[in-house]
file target06.cif (mmCIF, C-alpha atoms)
data_run
#
loop_
_atom_site.label_atom_id
_atom_site.label_comp_id
_atom_site.auth_asym_id
_atom_site.auth_seq_id
_atom_site.Cartn_x
_atom_site.Cartn_y
_atom_site.Cartn_z
CA MET A 1 -36.35 -4.90 -207.82
CA PRO A 2 -38.77 -2.13 -206.77
CA LEU A 3 -38.68 -0.96 -203.18
CA PRO A 4 -41.46 -2.59 -201.12
CA SER A 5 -44.20 -0.27 -199.86
CA LEU A 6 -44.06 1.15 -196.35
CA LYS A 7 -46.45 -1.51 -195.06
CA GLU A 8 -44.55 -4.27 -196.87
CA GLN A 9 -41.31 -3.11 -195.25
CA PHE A 10 -42.93 -3.21 -191.81
CA ALA A 11 -44.26 -6.70 -192.52
CA ALA A 12 -40.92 -8.03 -193.77
CA LEU A 13 -38.97 -6.73 -190.77
CA ILE A 14 -41.48 -8.12 -188.29
CA ALA A 15 -41.47 -11.49 -190.06
CA ALA A 16 -37.68 -11.72 -189.54
CA PRO A 17 -37.24 -12.88 -185.93
CA SER A 18 -34.34 -11.22 -184.08
CA VAL A 19 -34.84 -11.86 -180.37
CA SER A 20 -32.02 -10.70 -178.14
CA CYS A 21 -31.94 -12.47 -174.78
CA THR A 22 -29.47 -13.31 -172.02
CA GLN A 23 -30.80 -16.89 -172.13
CA PRO A 24 -28.96 -18.66 -174.97
CA ALA A 25 -31.95 -20.87 -175.78
CA LEU A 26 -34.03 -17.79 -176.69
CA ASP A 27 -31.32 -15.64 -178.28
CA GLN A 28 -31.37 -15.25 -182.08
CA SER A 29 -29.28 -13.72 -184.84
CA ASN A 30 -30.34 -10.37 -186.31
CA ARG A 31 -28.76 -11.16 -189.69
CA ALA A 32 -32.06 -11.32 -191.60
CA VAL A 33 -33.15 -7.86 -190.41
CA ILE A 34 -29.79 -6.32 -191.27
CA GLU A 35 -29.80 -7.93 -194.73
CA LEU A 36 -33.28 -6.58 -195.47
CA LEU A 37 -32.28 -3.04 -194.45
CA ALA A 38 -28.97 -3.19 -196.31
CA GLY A 39 -30.75 -4.40 -199.45
CA TRP A 40 -33.35 -1.63 -199.44
CA LEU A 41 -30.91 1.14 -198.51
CA GLY A 42 -28.30 -0.08 -200.96
CA ASP A 43 -30.87 -0.03 -203.77
CA LEU A 44 -31.59 3.61 -202.88
CA GLY A 45 -27.93 4.49 -203.38
CA LEU A 46 -26.69 4.48 -199.79
CA SER A 47 -23.31 3.01 -198.96
CA CYS A 48 -23.89 0.12 -196.53
CA GLU A 49 -21.31 -1.17 -194.08
CA THR A 50 -22.12 -4.28 -192.02
CA GLN A 51 -20.05 -5.19 -188.98
CA GLU A 52 -20.25 -8.52 -187.16
CA ILE A 53 -20.12 -7.72 -183.44
CA SER A 54 -20.26 -11.34 -182.28
CA PRO A 55 -21.24 -14.58 -184.02
CA GLY A 56 -24.60 -13.94 -185.73
CA LYS A 57 -24.91 -10.39 -184.39
CA PHE A 58 -24.48 -7.42 -186.73
CA ASN A 59 -24.53 -3.62 -186.85
CA LEU A 60 -25.39 -1.77 -190.05
CA LEU A 61 -24.22 1.74 -190.89
CA ALA A 62 -25.67 3.13 -194.13
CA SER A 63 -24.57 6.55 -195.38
CA LEU A 64 -25.55 9.06 -198.05
CA GLY A 65 -23.22 11.99 -198.63
CA SER A 66 -20.00 12.77 -196.81
CA GLY A 67 -18.46 15.34 -194.54
CA PRO A 68 -17.83 16.01 -190.86
CA GLY A 69 -21.40 16.95 -189.84
CA GLY A 70 -24.75 15.51 -190.75
CA LEU A 71 -27.41 13.47 -189.03
CA VAL A 72 -27.57 9.96 -187.56
CA LEU A 73 -30.96 8.25 -187.45
CA ALA A 74 -30.52 5.24 -185.22
CA GLY A 75 -32.37 2.26 -183.85
CA HIS A 76 -31.90 -1.32 -182.72
CA SER A 77 -32.73 -4.29 -184.88
CA ASP A 78 -33.54 -6.76 -182.10
CA THR A 79 -36.66 -7.43 -180.04
CA VAL A 80 -37.39 -8.90 -176.63
CA PRO A 81 -38.56 -12.53 -176.32
CA TYR A 82 -42.26 -13.23 -176.74
CA ASP A 83 -44.89 -15.79 -175.79
CA PRO A 84 -47.16 -16.47 -178.79
CA ALA A 85 -49.90 -17.85 -176.54
CA LEU A 86 -50.40 -14.41 -174.99
CA TRP A 87 -50.83 -12.67 -178.35
CA ARG A 88 -54.21 -12.35 -180.06
CA SER A 89 -52.43 -12.52 -183.44
CA ASP A 90 -49.20 -13.99 -184.77
CA PRO A 91 -46.45 -11.77 -183.29
CA LEU A 92 -44.30 -12.28 -186.40
CA ARG A 93 -47.01 -11.18 -188.82
CA LEU A 94 -48.03 -7.55 -189.28
CA THR A 95 -51.72 -7.30 -188.45
CA GLU A 96 -53.99 -4.30 -188.86
CA SER A 97 -56.35 -3.95 -185.92
CA GLY A 98 -58.60 -0.92 -186.13
CA ASP A 99 -56.34 2.12 -186.20
CA ARG A 100 -53.19 0.19 -185.27
CA TRP A 101 -50.54 -2.03 -186.77
CA VAL A 102 -49.73 -4.91 -184.43
CA GLY A 103 -46.59 -7.05 -184.39
CA LEU A 104 -43.40 -7.77 -182.47
CA GLY A 105 -41.05 -4.81 -182.99
CA VAL A 106 -43.59 -2.57 -184.73
CA CYS A 107 -43.22 -0.05 -181.88
CA ASP A 108 -39.91 -1.08 -180.26
CA MET A 109 -38.48 -0.49 -182.72
CA LYS A 110 -38.02 -2.08 -186.14
CA GLY A 111 -40.83 0.12 -187.44
CA PHE A 112 -38.61 3.20 -187.21
CA PHE A 113 -36.51 2.10 -190.19
CA PRO A 114 -39.27 2.03 -192.84
CA LEU A 115 -40.34 5.49 -191.65
CA ILE A 116 -36.78 6.75 -192.19
CA ILE A 117 -36.85 5.34 -195.73
CA GLU A 118 -40.26 6.93 -196.39
CA ALA A 119 -38.94 10.30 -195.22
CA LEU A 120 -35.85 9.99 -197.39
CA LEU A 121 -37.47 8.96 -200.71
CA PRO A 122 -38.49 12.40 -202.06
CA LEU A 123 -35.12 13.88 -201.04
CA LEU A 124 -32.87 11.48 -202.95
CA ASP A 125 -32.58 13.70 -206.01
CA GLN A 126 -31.25 16.62 -203.96
CA PRO A 127 -27.57 17.21 -203.12
CA PHE A 128 -26.65 16.12 -199.60
CA LYS A 129 -24.23 18.76 -198.33
CA GLN A 130 -23.71 16.82 -195.12
CA PRO A 131 -24.16 13.07 -194.67
CA LEU A 132 -27.18 11.15 -193.52
CA LEU A 133 -26.23 8.03 -191.57
CA ILE A 134 -28.74 5.29 -190.76
CA LEU A 135 -27.60 3.06 -187.92
CA ALA A 136 -29.11 -0.30 -186.96
CA THR A 137 -27.56 -1.99 -183.92
CA CYS A 138 -27.71 -5.45 -182.36
CA ASP A 139 -28.49 -6.64 -178.83
CA GLU A 140 -29.90 -3.41 -177.40
CA GLU A 141 -32.47 -5.45 -175.48
CA SER A 142 -29.79 -7.40 -173.60
CA SER A 143 -26.14 -6.31 -173.48
CA MET A 144 -26.19 -3.23 -175.77
CA ALA A 145 -23.17 -4.87 -177.40
CA GLY A 146 -23.76 -3.18 -180.76
CA ALA A 147 -23.77 0.36 -179.38
CA ARG A 148 -20.88 -0.41 -177.02
CA ALA A 149 -18.77 -1.70 -179.91
CA LEU A 150 -19.50 1.46 -181.86
CA ALA A 151 -18.49 3.65 -178.93
CA ASP A 152 -15.37 1.59 -178.23
CA ALA A 153 -14.27 1.95 -181.86
CA GLY A 154 -14.39 5.73 -181.39
CA ARG A 155 -15.43 6.45 -184.96
CA SER A 156 -17.00 9.89 -185.26
CA LEU A 157 -20.49 9.97 -186.68
CA GLY A 158 -22.79 12.92 -187.39
CA ARG A 159 -23.29 16.24 -185.66
CA ALA A 160 -26.67 15.11 -184.33
CA ALA A 161 -28.27 11.75 -183.60
CA VAL A 162 -31.92 10.80 -183.15
CA ILE A 163 -32.78 7.38 -181.69
CA GLY A 164 -36.29 6.29 -182.61
CA GLU A 165 -37.24 4.49 -179.40
CA PRO A 166 -40.92 4.79 -178.44
CA THR A 167 -41.50 8.24 -176.94
CA GLY A 168 -44.89 9.15 -178.39
CA LEU A 169 -43.14 11.68 -180.70
CA LYS A 170 -41.97 13.72 -177.71
CA PRO A 171 -38.26 14.58 -177.59
CA ILE A 172 -36.32 13.01 -174.72
CA ARG A 173 -33.06 14.57 -173.63
CA LEU A 174 -32.24 12.68 -170.43
CA HIS A 175 -32.63 9.31 -168.77
CA LYS A 176 -31.22 7.51 -165.77
CA GLY A 177 -28.47 4.93 -166.00
CA VAL A 178 -29.01 1.22 -165.49
CA MET A 179 -26.76 -0.86 -163.23
CA MET A 180 -27.59 -4.50 -162.43
CA GLU A 181 -25.17 -5.86 -159.83
CA ARG A 182 -24.50 -9.03 -157.83
CA ILE A 183 -22.91 -9.68 -154.44
CA ASP A 184 -21.74 -13.23 -153.66
CA ILE A 185 -20.74 -14.09 -150.10
CA LEU A 186 -18.89 -17.31 -149.32
CA GLY A 187 -18.84 -18.19 -145.64
CA GLN A 188 -18.36 -21.49 -143.86
CA SER A 189 -21.19 -23.89 -143.09
CA GLY A 190 -21.43 -25.79 -139.81
CA HIS A 191 -23.86 -27.14 -137.25
CA SER A 192 -26.28 -24.47 -136.14
CA SER A 193 -25.99 -25.53 -132.49
CA ASP A 194 -22.52 -23.99 -132.27
CA PRO A 195 -21.96 -20.65 -134.06
CA SER A 196 -18.19 -21.02 -133.66
CA LEU A 197 -18.19 -23.87 -136.16
CA GLY A 198 -18.86 -21.60 -139.14
CA HIS A 199 -19.15 -18.11 -140.58
CA SER A 200 -22.66 -17.21 -141.69
CA ALA A 201 -22.89 -15.82 -145.20
CA LEU A 202 -26.49 -14.88 -144.46
CA GLU A 203 -25.59 -12.76 -141.45
CA ALA A 204 -22.82 -11.11 -143.46
CA MET A 205 -25.34 -10.40 -146.23
CA HIS A 206 -27.67 -8.84 -143.66
CA ASP A 207 -24.92 -6.35 -142.83
CA ALA A 208 -24.06 -5.85 -146.52
CA ILE A 209 -27.69 -4.97 -147.24
CA GLY A 210 -27.58 -2.54 -144.35
CA GLU A 211 -24.58 -0.82 -145.93
CA LEU A 212 -26.34 -0.65 -149.31
CA LYS A 213 -29.30 1.02 -147.62
CA VAL A 214 -26.97 3.53 -145.97
CA LEU A 215 -25.45 4.36 -149.37
CA ARG A 216 -28.90 4.60 -150.93
CA ALA A 217 -29.97 7.14 -148.30
CA GLN A 218 -26.78 9.14 -148.83
CA TRP A 219 -27.18 9.20 -152.62
CA GLN A 220 -30.85 10.12 -152.41
CA ALA A 221 -30.00 12.99 -150.07
CA GLU A 222 -27.20 14.22 -152.32
CA PHE A 223 -28.70 13.78 -155.81
CA ASN A 224 -32.07 15.05 -156.97
CA ASN A 225 -33.39 15.90 -160.42
CA PRO A 226 -36.99 17.15 -160.51
CA GLN A 227 -37.19 16.49 -164.26
CA PHE A 228 -37.70 12.81 -163.47
CA GLY A 229 -40.93 11.32 -162.18
CA VAL A 230 -38.82 9.65 -159.48
CA PRO A 231 -36.33 12.48 -158.86
CA GLN A 232 -33.80 10.51 -156.80
CA PRO A 233 -31.52 7.63 -157.77
CA THR A 234 -33.05 4.29 -156.81
CA LEU A 235 -31.54 1.07 -155.49
CA ASN A 236 -33.79 -1.99 -155.59
CA LEU A 237 -32.89 -5.18 -153.72
CA GLY A 238 -34.24 -7.52 -156.37
CA CYS A 239 -33.55 -11.13 -155.37
CA ILE A 240 -31.62 -13.08 -152.74
CA HIS A 241 -30.65 -16.73 -152.45
CA GLY A 242 -28.72 -18.50 -149.70
CA GLY A 243 -28.42 -21.46 -147.40
CA ASP A 244 -30.07 -24.83 -147.61
CA ASN A 245 -31.41 -25.89 -144.19
CA PRO A 246 -32.45 -24.26 -140.92
CA ASN A 247 -29.99 -26.33 -138.85
CA ARG A 248 -26.92 -25.43 -140.90
CA ILE A 249 -24.92 -22.23 -140.69
CA CYS A 250 -25.43 -20.58 -144.07
CA GLY A 251 -22.30 -21.08 -146.18
CA GLN A 252 -23.26 -19.09 -149.27
CA CYS A 253 -25.55 -16.19 -150.08
CA ALA A 254 -26.09 -14.12 -153.24
CA LEU A 255 -27.92 -10.84 -153.75
CA GLU A 256 -28.84 -9.17 -157.06
CA PHE A 257 -29.83 -5.52 -157.08
CA ASP A 258 -30.67 -2.75 -159.52
CA LEU A 259 -29.25 0.78 -159.24
CA ARG A 260 -30.57 3.66 -161.38
CA PRO A 261 -28.17 6.63 -161.21
CA LEU A 262 -29.10 10.13 -162.29
CA PRO A 263 -27.13 12.10 -164.88
CA GLY A 264 -23.99 13.35 -163.15
CA MET A 265 -23.51 10.13 -161.17
CA ASP A 266 -20.58 8.00 -162.38
CA PRO A 267 -21.26 4.22 -162.23
CA GLU A 268 -17.62 3.43 -161.44
CA GLN A 269 -17.59 5.85 -158.52
CA LEU A 270 -20.78 4.26 -157.20
CA ARG A 271 -19.19 0.82 -157.45
CA ALA A 272 -16.08 2.04 -155.64
CA ALA A 273 -18.28 3.32 -152.80
CA ILE A 274 -20.04 -0.05 -152.58
CA ARG A 275 -16.75 -1.94 -152.49
CA GLY A 276 -15.54 0.36 -149.71
CA LYS A 277 -18.58 -0.58 -147.61
CA LEU A 278 -18.27 -4.31 -148.28
CA ARG A 279 -14.62 -4.74 -147.27
CA PRO A 280 -15.21 -4.16 -143.52
CA VAL A 281 -18.22 -6.51 -143.63
CA ALA A 282 -16.04 -9.29 -145.05
CA GLU A 283 -13.38 -8.74 -142.38
CA ARG A 284 -15.89 -8.59 -139.53
CA HIS A 285 -17.65 -11.80 -140.54
CA GLN A 286 -14.55 -13.62 -141.84
CA VAL A 287 -16.18 -14.33 -145.19
CA LYS A 288 -15.23 -13.81 -148.82
CA ILE A 289 -17.29 -11.21 -150.71
CA ASP A 290 -17.28 -10.98 -154.49
CA TYR A 291 -19.04 -7.98 -156.04
CA ALA A 292 -19.44 -7.49 -159.80
CA PRO A 293 -21.92 -6.20 -162.36
CA LEU A 294 -24.28 -8.67 -163.99
CA PHE A 295 -23.97 -6.57 -167.17
CA PRO A 296 -21.90 -3.51 -168.09
CA ALA A 297 -23.65 -0.38 -166.85
CA VAL A 298 -25.71 1.78 -169.18
CA PRO A 299 -24.54 5.29 -168.26
CA PRO A 300 -27.00 8.04 -167.40
CA PHE A 301 -27.75 10.35 -170.32
CA GLU A 302 -28.36 14.07 -170.55
CA GLN A 303 -28.32 16.35 -173.58
CA PRO A 304 -28.20 20.02 -172.56
CA ALA A 305 -31.52 21.83 -172.94
CA ASP A 306 -29.94 24.66 -174.93
CA SER A 307 -28.29 22.44 -177.55
CA GLU A 308 -29.22 22.92 -181.20
CA LEU A 309 -30.83 19.50 -181.60
CA VAL A 310 -33.01 19.84 -178.51
CA ARG A 311 -34.21 23.29 -179.55
CA LEU A 312 -34.93 22.08 -183.08
CA ALA A 313 -36.79 18.98 -181.89
CA GLU A 314 -38.90 21.04 -179.51
CA ARG A 315 -39.80 23.44 -182.30
CA VAL A 316 -40.78 20.82 -184.87
CA THR A 317 -42.69 18.59 -182.43
CA GLY A 318 -44.29 21.33 -180.33
CA HIS A 319 -43.25 19.51 -177.14
CA THR A 320 -40.72 20.48 -174.48
CA ALA A 321 -37.97 17.87 -174.14
CA GLU A 322 -38.55 15.49 -171.24
CA SER A 323 -36.98 12.59 -169.36
CA VAL A 324 -37.77 8.86 -169.37
CA ALA A 325 -37.16 6.09 -166.86
CA PHE A 326 -35.82 3.51 -169.33
CA GLY A 327 -32.27 3.26 -170.65
CA THR A 328 -31.27 3.66 -174.31
CA GLU A 329 -28.21 3.70 -176.56
CA ALA A 330 -28.10 7.52 -176.35
CA PRO A 331 -25.03 7.79 -174.07
CA TYR A 332 -22.95 5.73 -176.51
CA LEU A 333 -23.77 7.96 -179.48
CA GLN A 334 -23.14 11.00 -177.29
CA GLN A 335 -19.67 9.60 -176.50
CA LEU A 336 -18.96 9.75 -180.24
CA GLY A 337 -19.55 13.48 -180.33
CA CYS A 338 -23.20 13.55 -181.43
CA GLU A 339 -25.76 15.84 -179.91
CA THR A 340 -28.34 13.15 -179.13
CA ILE A 341 -32.03 12.85 -178.35
CA VAL A 342 -34.52 9.98 -178.20
CA LEU A 343 -37.61 10.55 -180.35
CA GLY A 344 -39.85 7.94 -181.91
CA PRO A 345 -43.48 7.23 -182.80
CA GLY A 346 -44.31 4.33 -180.50
CA ASP A 347 -45.66 4.22 -176.95
CA ILE A 348 -43.44 2.69 -174.27
CA ALA A 349 -46.55 1.41 -172.45
CA CYS A 350 -47.06 -1.28 -175.11
CA ALA A 351 -43.38 -2.13 -175.63
CA HIS A 352 -42.28 -5.55 -174.31
CA GLN A 353 -45.98 -6.51 -174.10
CA PRO A 354 -48.18 -8.95 -176.02
CA ASP A 355 -50.02 -7.26 -178.92
CA GLU A 356 -47.38 -4.56 -179.29
CA TYR A 357 -48.78 -1.88 -181.59
CA LEU A 358 -48.13 1.36 -183.43
CA GLU A 359 -50.91 3.88 -183.98
CA LEU A 360 -51.45 4.53 -187.69
CA SER A 361 -51.98 8.21 -186.88
CA ARG A 362 -48.28 8.40 -185.92
CA LEU A 363 -46.93 7.28 -189.31
CA GLN A 364 -47.21 10.47 -191.36
CA PRO A 365 -46.23 12.86 -188.54
CA THR A 366 -43.08 10.79 -187.99
CA VAL A 367 -42.22 10.85 -191.69
CA GLU A 368 -42.67 14.63 -191.85
CA LEU A 369 -40.63 15.13 -188.70
CA LEU A 370 -37.74 13.01 -189.98
CA ARG A 371 -37.84 14.81 -193.31
CA GLN A 372 -37.48 18.17 -191.53
CA LEU A 373 -34.50 16.86 -189.57
CA ILE A 374 -32.82 15.53 -192.72
CA ARG A 375 -33.35 18.84 -194.51
CA HIS A 376 -31.94 20.80 -191.56
CA TYR A 377 -28.79 18.74 -191.02
CA CYS A 378 -28.05 17.32 -194.48
CA LEU A 379 -29.58 19.47 -197.24
CA ASN A 380 -29.39 22.94 -195.69
CA PRO A 381 -26.88 22.58 -192.87
CA ARG A 382 -26.20 25.63 -190.81
CA LYS A 383 -25.47 26.31 -187.20
CA GLU A 384 -28.66 27.41 -185.51
CA ARG A 385 -28.56 30.66 -183.57
CA ALA A 386 -30.13 30.98 -180.16
#

call {"tool": "encode", "arguments": {"input": "target06.cif", "output": "structure tokens"}}
result
Amino acid sequence: MPLPSLKEQFAALIAAPSVSCTQPALDQSNRAVIELLAGWLGDLGLSCETQEISPGKFNLLASLGSGPGGLVLAGHSDTVPYDPALWRSDPLRLTESGDRWVGLGVCDMKGFFPLIIEALLPLLDQPFKQPLLILATCDEESSMAGARALADAGRSLGRAAVIGEPTGLKPIRLHKGVMMERIDILGQSGHSSDPSLGHSALEAMHDAIGELKVLRAQWQAEFNNPQFGVPQPTLNLGCIHGGDNPNRICGQCALEFDLRPLPGMDPEQLRAAIRGKLRPVAERHQVKIDYAPLFPAVPPFEQPADSELVRLAERVTGHTAESVAFGTEAPYLQQLGCETIVLGPGDIACAHQPDEYLELSRLQPTVELLRQLIRHYCLNPRKERA
């Protein structure tokens, strides 16, 4: 069967729903996307390995050539949930609107895979001295389970990895971490007319929030990275729930907060500091405090500015490597020994939004950029000199 055209590949991937969501009613398998990619890549002669990470959730690793070095071109196969009523077109149908293609995942980031294939096609008759690996992961938009499983397995990949998240074709070499945490306080309810009849979870939470704010001030005084638009770590008190009536001592209170550490800040050390502040609060108020992450932390990411991949990406794009505020799978590929950057054709401003789009003017520049990277790492591999 002949390979579908670039536009047909985009359309097929977008038509295969693969929502990843923490709400089970909205969560979907990514099997159809993985099967499409494995079929196309297998027909081109790549060796395709599919791994089931959890029921209905799959990673795909396709390879051409062999050896210890090479290049990984990576992306996630899932999308965020969507509300069709807010879209001007069918989100699961590729639509051309002026100078854009519109559809769910066209930018973030199923569209990266057809562009990889387009870049690869004229190179297939050349000898690959080092391998090209094409990685498609599951559940990046929720738990990052696909990338975590890859990192936990510890299997070495290529010398360099490029993740095609939407960056407007500007190389990204660092981003903050993402920690979403929850504190549950169990006190003892009682009649509000006599404070001795209970232990207020709400008053204990008031003190716990005070301790979080103290830590936040300490971390913001200690850590600063001017390469970020917000150069300090942030801690956002996102939502709080507790109590049930004004005339009852509050017996239970829960707080959820978001912490964005800078590169160089270890999530487990931050959690240890928080636990150290909460223990005295629990003793003072005679309450039970449970503290745990809502999800495993996404570590902060930084690829050194003088690394080969960063220098190469800056040269071929004409842009100095920057930072972004959002988290990616980059730290997990970096854990596997890859020099890693984030570099893709989409715009983050339209990701996770109705009428998600990709500018048609970005297609050919992305293809040419990927082709240069494949040539550098796979066809003519050599260690770049400073």

call {"tool": "atom_distance", "arguments": {"input": "target06.cif", "atom1": "CA of Ala305 in chain A", "atom2": "CA of Glu368 in chain A"}}
result
23.1 Å

call {"tool": "closest_residue", "arguments": {"input": "target06.cif", "among": "A:Lys57, A:Arg375, A:Arg275, A:His191", "to": "Ile289 in chain A", "atoms": "only C-alpha atoms"}}
result
A:Arg275

call {"tool": "axis_aligned_box", "arguments": {"input": "target06.cif", "around": "range 86-90 of chain A", "padding_each_side": "6 Å", "output": "lines of an AutoDock Vina configuration file"}}
result
center_x = -51.7
center_y = -13.4
center_z = -179.9
size_x = 17.0
size_y = 14.1
size_z = 21.8

call {"tool": "residues_around", "arguments": {"input": "target06.cif", "residues": "Leu373 in chain A", "least_positions_apart": "2", "cutoff": "12 Å", "atoms": "only C-alpha atoms", "output": "PDB file with C-alpha atoms, in the coordinates of the input"}}
result
ATOM      1  CA  GLY A  70     -24.750  15.510-190.750  1.00  0.00           C
ATOM      2  CA  LEU A  71     -27.410  13.470-189.030  1.00  0.00           C
ATOM      3  CA  VAL A  72     -27.570   9.960-187.560  1.00  0.00           C
ATOM      4  CA  LEU A  73     -30.960   8.250-187.450  1.00  0.00           C
ATOM      5  CA  ILE A 116     -36.780   6.750-192.190  1.00  0.00           C
ATOM      6  CA  ALA A 119     -38.940  10.300-195.220  1.00  0.00           C
ATOM      7  CA  LEU A 120     -35.850   9.990-197.390  1.00  0.00           C
ATOM      8  CA  LEU A 123     -35.120  13.880-201.040  1.00  0.00           C
ATOM      9  CA  LEU A 132     -27.180  11.150-193.520  1.00  0.00           C
ATOM     10  CA  ARG A 159     -23.290  16.240-185.660  1.00  0.00           C
ATOM     11  CA  ALA A 160     -26.670  15.110-184.330  1.00  0.00           C
ATOM     12  CA  ALA A 161     -28.270  11.750-183.600  1.00  0.00           C
ATOM     13  CA  VAL A 162     -31.920  10.800-183.150  1.00  0.00           C
ATOM     14  CA  GLU A 308     -29.220  22.920-181.200  1.00  0.00           C
ATOM     15  CA  LEU A 309     -30.830  19.500-181.600  1.00  0.00           C
ATOM     16  CA  VAL A 310     -33.010  19.840-178.510  1.00  0.00           C
ATOM     17  CA  ARG A 311     -34.210  23.290-179.550  1.00  0.00           C
ATOM     18  CA  LEU A 312     -34.930  22.080-183.080  1.00  0.00           C
ATOM     19  CA  ALA A 313     -36.790  18.980-181.890  1.00  0.00           C
ATOM     20  CA  GLU A 314     -38.900  21.040-179.510  1.00  0.00           C
ATOM     21  CA  ARG A 315     -39.800  23.440-182.300  1.00  0.00           C
ATOM     22  CA  VAL A 316     -40.780  20.820-184.870  1.00  0.00           C
ATOM     23  CA  THR A 317     -42.690  18.590-182.430  1.00  0.00           C
ATOM     24  CA  LEU A 343     -37.610  10.550-180.350  1.00  0.00           C
ATOM     25  CA  THR A 366     -43.080  10.790-187.990  1.00  0.00           C
ATOM     26  CA  VAL A 367     -42.220  10.850-191.690  1.00  0.00           C
ATOM     27  CA  GLU A 368     -42.670  14.630-191.850  1.00  0.00           C
ATOM     28  CA  LEU A 369     -40.630  15.130-188.700  1.00  0.00           C
ATOM     29  CA  LEU A 370     -37.740  13.010-189.980  1.00  0.00           C
ATOM     30  CA  ARG A 371     -37.840  14.810-193.310  1.00  0.00           C
ATOM     31  CA  ARG A 375     -33.350  18.840-194.510  1.00  0.00           C
ATOM     32  CA  HIS A 376     -31.940  20.800-191.560  1.00  0.00           C
ATOM     33  CA  TYR A 377     -28.790  18.740-191.020  1.00  0.00           C
ATOM     34  CA  CYS A 378     -28.050  17.320-194.480  1.00  0.00           C
ATOM     35  CA  LEU A 379     -29.580  19.470-197.240  1.00  0.00           C
ATOM     36  CA  ASN A 380     -29.390  22.940-195.690  1.00  0.00           C
ATOM     37  CA  PRO A 381     -26.880  22.580-192.870  1.00  0.00           C
TER      38      PRO A 381
END

call {"tool": "closest_residue", "arguments": {"input": "target06.cif", "among": "A:Arg93, A:Val324, A:Val106, A:Asn59", "to": "Gly229 in chain A", "atoms": "all atoms listed in the file"}}
result
A:Val324

call {"tool": "residues_around", "arguments": {"input": "target06.cif", "residues": "range 83-90 of chain A", "least_positions_apart": "2", "cutoff": "10 Å", "atoms": "all atoms listed in the file", "output": "list of chain:residue names"}}
result
A:Ala15, A:Pro81, A:Leu92, A:Arg93, A:Leu94, A:Thr95, A:Glu96, A:Ser97, A:Val102, A:Gly103, A:Leu104, A:Gln353, A:Pro354, A:Asp355, A:Glu356

call {"tool": "resolve_selection", "arguments": {"input": "target06.cif", "expression": "the PyMOL selection byres ((chain A and resi 330-334) around 8)", "output": "JSON, numbers by chain"}}
result
{"A": [147, 148, 150, 151, 161, 163, 298, 299, 300, 301, 302, 328, 329, 335, 336, 337, 338, 339, 340, 341, 342]}

call {"tool": "atom_distance", "arguments": {"input": "target06.cif", "atom1": "CA of Asp290 in chain A", "atom2": "CA of Asn236 in chain A"}}
result
18.8 Å

call {"tool": "atom_distance", "arguments": {"input": "target06.cif", "atom1": "CA of Asp244 in chain A", "atom2": "CA of His285 in chain A"}}
result
19.3 Å

call {"tool": "residues_near_point", "arguments": {"input": "target06.cif", "point": "(-24.6, -14.7, -147.7)", "cutoff": "12 Å", "atoms": "all atoms listed in the file", "output": "PyMOL selection string"}}
result
chain A and resi 182-189+199-209+240-244+249-256+281-282+285-290

call {"tool": "resolve_selection", "arguments": {"input": "target06.cif", "expression": "the PyMOL selection byres ((chain A and resi 77) around 8)", "output": "list in words"}}
result
Ser18, Asn30, Val33, Ile34, Gly75, His76, Asp78, Thr79, Met109, Lys110, Ala136, Thr137, Cys138 and Asp139 of chain A

call {"tool": "closest_residue", "arguments": {"input": "target06.cif", "among": "A:Arg279, A:Arg284, A:His352, A:Arg216", "to": "Asp258 in chain A", "atoms": "only C-alpha atoms"}}
result
A:Arg216

call {"tool": "residues_around", "arguments": {"input": "target06.cif", "residues": "Lys277 in chain A", "least_positions_apart": "4", "cutoff": "9 Å", "atoms": "only C-alpha atoms", "output": "PyMOL selection string"}}
result
chain A and resi 208+211-212+215+272-273+281

call {"tool": "write_last_selection", "arguments": {"input": "target06.cif", "atoms": "C-alpha atoms", "output": "PDB file, in the coordinates of the input"}}
result
ATOM      1  CA  ALA A 208     -24.060  -5.850-146.520  1.00  0.00           C
ATOM      2  CA  GLU A 211     -24.580  -0.820-145.930  1.00  0.00           C
ATOM      3  CA  LEU A 212     -26.340  -0.650-149.310  1.00  0.00           C
ATOM      4  CA  LEU A 215     -25.450   4.360-149.370  1.00  0.00           C
ATOM      5  CA  ALA A 272     -16.080   2.040-155.640  1.00  0.00           C
ATOM      6  CA  ALA A 273     -18.280   3.320-152.800  1.00  0.00           C
ATOM      7  CA  VAL A 281     -18.220  -6.510-143.630  1.00  0.00           C
TER       8      VAL A 281
END

call {"tool": "residues_around", "arguments": {"input": "target06.cif", "residues": "Pro2 in chain A", "least_positions_apart": "3", "cutoff": "12 Å", "atoms": "all atoms listed in the file", "output": "list in words"}}
result
Ser5, Glu8, Gln9, Gly39, Trp40, Leu41, Asp43 and Leu44 of chain A

call {"tool": "resolve_selection", "arguments": {"input": "target06.cif", "expression": "the PyMOL selection byres ((chain A and resi 28) around 8)", "output": "PyMOL selection string"}}
result
chain A and resi 17-21+26-27+29-30+56

call {"tool": "closest_residue", "arguments": {"input": "target06.cif", "among": "A:Pro293, A:Gly190, A:Pro68, A:Gly177", "to": "Lys129 in chain A", "atoms": "only C-alpha atoms"}}
result
A:Pro68

call {"tool": "decode", "arguments": {"input": "target06.cif", "residues": "range 231-239 of chain A", "atoms": "C-alpha atoms", "output": "CSV table (one decimal), in the first residue's frame"}}
result
chain,number,residue,atom,x,y,z
A,231,PRO,CA,12.8,33.9,37.2
A,232,GLN,CA,11.9,32.4,40.7
A,233,PRO,CA,10.2,29.1,41.6
A,234,THR,CA,6.5,29.6,42.2
A,235,LEU,CA,4.1,28.1,44.6
A,236,ASN,CA,0.4,28.6,43.9
A,237,LEU,CA,-2.3,27.8,46.5
A,238,GLY,CA,-4.8,26.4,44.0
A,239,CYS,CA,-7.9,25.2,45.8
